[in-house]
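Report on one structure; see the data block that follows.
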Amino acid sequence: MIQKVRGTRDILDTTLFHFAITTIKKQIELYHFTHIELPILESVDLFKSSLGVETDVVSKEMFVVTSSSDQESESICLRPEGTAQTVRAFVENGIQTVPWKVFSIGQMFRYERPQKGRYRQFYQFNIECIGSAAIEQDVQIITMLDRLFAKKFRLENYTLHINFLGTQQERADFKSVLKIFLETLQGICDTCKIRKDTNILRVFDCKNPDCQTLYVNAPHLINHLGEQSQQEWNTLQERLQELSVSYIYNPRLVRGLDYYNKTVFEFTSPDLGAQSAFCGGGRYDTLVASLGGKQDQPSLGAAIGIDRVMLLLEMIQNNITMPHKPALYAIIPLDPAQNPLALQLADELIAHGLYTETFFEGAAKNMMKRANKSGATTCLIIGEQEQQDGTVVIKDMITGEQQIIKQNNAVSFLKGK
Ligand code: AMP
């Protein structure tokens, strides 16, 4: 047997998946974001020049694809994230109206070591607001997400982490301060030693507890901000407090990619275990220009990890009101001689918007059993007698009651039930 590729999964019951997507979509649309669809294939260069060549995503986790007959030199990959490609679409399509508030939903691909909540193919709900410098925009997007998780999903056990990375310049200056600090330390791990020279802020993501202990006294970026950044950082916190959004200031939250500056945030839940983050985002004020935009467009965005949201929803499934399933009608011909009639009847029901399952094979008893298992509320049974009389037996699967009606009246009878 050929099995699924490592780090991918089959979602056979999509009830929670749809519930998650639909609920997020409704919430985001209330804030006037619109849906866009973007390709899964993008050029490798897009991610190299946006996320940074030293990031894990670009240096280790890219799925680069080639076609067996492809002679083109362009290097193509399966997208690992949604921000860079949304910015690419903004620039390439010459979008003039800003802020451009859009969302997209789809699979992302990263060659990571698979474990619970971490897959090589996973789903993200991506939200971007391109062309807005106002710190209130950050406040509103964070609030939108917090309300989604607290009120719409009714998640209780989660934390919102916030940090402020300053402008690209302030962030770059801070890297030198941090480097000096790290050089005074004895015993940081080999990964941190490498990160110190390649992607220094990521030392804070180190999983080694000894390193984390050493970093307790590390300098905080918020103590190295210029006047305007300091003001924005204060405003961000004040507005969140006014809106009663609970958060913790987390000086170690850096969100490893090169394009981030100023506000960064992440929602985590201990219920998820090691892969605790289920949503993350931040500002990327210089990304549009660095991807070829004529004008600088301060921007921000967030990505919700659908697979992890589903894990959280599975745990509280009993408290969630799922959308009502429509009634299902099962058509049961007692003999293959009634199959043509069953096809006609099904065609009629479906044309009137009724959900219908038609059985064509097996003994009558067996078909009834299968109808029951599939959740049919009503069976429409046709035997030789009914075929001759132009009638159909209607069996209510909940009460067990049966009655015979004219086939011509079936739709109006079922609709009036
Ligand atoms: P990131 O783009 O890394 O900030 O990820 C945003 C969100 O996507 C995270 O908070 C996770 O919920 C989700 N995510 C990232 N990587 C994976 C993965 N390998 N498997 C499942 N979900 C992921």
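Letters A, B, ... mark the chains of the structure tokens in the order given; residue numbers begin at 1 per chain; ligand numbers begin at 1, in order shown.
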> Near A:Gly94, within 12 Å and counting only C-alpha atoms, which residues show up once chain neighbours fewer than 3 positions away are dropped, as a list in words?
Replying inline: Val87, Arg88, Ala89, Phe90, Val91, Thr97, Val98, Trp100, Val288, Gly292, Gly293, Lys294 and Gln295 of chain A
> DSSP says strand (DSSP E or B) for which residues of stretch 32-122 of chain A? Put them as number ranges by chain?
Replying inline: A: 34-35, 41-43, 63-65, 76-78, 100-109, 115, 118, 121-122
> Which of these, A:Leu38, A:Leu225, A:Leu257, A:Ile381, has the shortest distance to ligand 1 once you count only C-alpha atoms and all ligand atoms?
Replying inline: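 So, comparing all the options, the nearest one is A:Leu257.
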> When distances are computed from only C-alpha atoms, which of A:Lys101, A:Arg113, A:His18, A:Lys373 shows the smallest separation from A:Phe33?
Replying inline: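 Among A:Lys101, A:Arg113, A:His18, A:Lys373, it is A:Lys101 that comes nearest to A:Phe33.
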>> My list of candidates is A:Pro323, A:Gly273, A:Gly282, A:Pro340. Which is closest to ligand 1 when distances are computed with only C-alpha atoms and all ligand atoms?
In response: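 Answer, going by the shortest atom-to-atom distance: A:Gly282.
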Go through chain A and flag each residue having an atom no more than 8 Å from ligand 1; for those, report the closest pair of atoms plus their distance in Å to one decimal, using only C-alpha atoms and all ligand atoms, ordered by chain and rising number, as a tab-separated table.
```
residue	atom	partner	partner_atom_place_in_ligand_line	distance
A:Pro80	CA	ligand 1	2 (O)	7.8
A:Glu81	CA	ligand 1	2 (O)	5.6
A:Gly82	CA	ligand 1	2 (O)	7.6
A:Phe109	CA	ligand 1	19 (N)	7.4
A:Arg110	CA	ligand 1	19 (N)	6.0
A:Tyr111	CA	ligand 1	19 (N)	7.7
A:Glu112	CA	ligand 1	19 (N)	6.1
A:Pro114	CA	ligand 1	19 (N)	7.3
A:Gly117	CA	ligand 1	21 (C)	5.2
A:Arg118	CA	ligand 1	20 (N)	3.4
A:Tyr119	CA	ligand 1	20 (N)	4.0
A:Arg120	CA	ligand 1	19 (N)	5.4
A:Gln121	CA	ligand 1	20 (N)	6.7
A:Phe122	CA	ligand 1	21 (C)	4.9
A:Tyr123	CA	ligand 1	22 (N)	6.7
A:Gln124	CA	ligand 1	8 (O)	5.8
A:Arg255	CA	ligand 1	4 (O)	6.8
A:Glu266	CA	ligand 1	10 (O)	6.9
A:Phe267	CA	ligand 1	10 (O)	7.2
A:Thr268	CA	ligand 1	10 (O)	7.7
A:Gln275	CA	ligand 1	11 (C)	7.7
A:Ser276	CA	ligand 1	12 (O)	7.7
A:Ala277	CA	ligand 1	10 (O)	4.3
A:Phe278	CA	ligand 1	12 (O)	3.3
A:Cys279	CA	ligand 1	10 (O)	3.7
A:Gly280	CA	ligand 1	4 (O)	4.8
A:Gly281	CA	ligand 1	4 (O)	6.2
A:Ala302	CA	ligand 1	6 (C)	7.4
A:Ala303	CA	ligand 1	6 (C)	4.8
A:Ile304	CA	ligand 1	7 (C)	5.1
A:Gly305	CA	ligand 1	12 (O)	3.3
A:Ile306	CA	ligand 1	12 (O)	6.6
A:Asp307	CA	ligand 1	21 (C)	5.8
A:Arg308	CA	ligand 1	12 (O)	5.5
A:Val309	CA	ligand 1	12 (O)	7.3
```
> In Å, how far is it from atom CA of A:Tyr284 to atom CA of A:Val254?
Replying inline: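 Separating atom CA of A:Tyr284 from atom CA of A:Val254 is a distance of 12.8 Å.
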Contacts between stretch 46-63 of chain A and stretch 289-400 of chain A, please, where a residue of stretch 289-400 of chain A counts if it comes within 12 Å (with only C-alpha atoms); show its shortest atom pair and distance in Å to one decimal, rows by chain and ascending number, as a Markdown table.
```
| residue | atom | partner | partner_atom | distance |
| --- | --- | --- | --- | --- |
| A:Ala289 | CA | A:Ser50 | CA | 10.5 |
| A:Ser290 | CA | A:Ser50 | CA | 7.5 |
| A:Leu291 | CA | A:Ser50 | CA | 7.3 |
| A:Gly292 | CA | A:Ser49 | CA | 10.6 |
```
> Hey, what does DSSP flag as alpha helix (DSSP H) within stretch 115-164 of chain A? Can you give it to me as a PyMOL selection string?
Replying inline: chain A and resi 135-147
> Restricting the calculation to only C-alpha atoms, which member of A:Phe174, A:Tyr31, A:Tyr249, A:Phe204 is positioned closest to A:Cys129?
Replying inline: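 Looking at the shortest contact to A:Cys129, the residue is A:Tyr31.
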>> Which residue is closest to A:Ala134? Choose from A:Asn261, A:Gln387, A:Ser299, A:Asn409 and count only C-alpha atoms.
In response: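 Of A:Asn261, A:Gln387, A:Ser299, A:Asn409, the one nearest A:Ala134 is A:Ser299, counting only C-alpha atoms.
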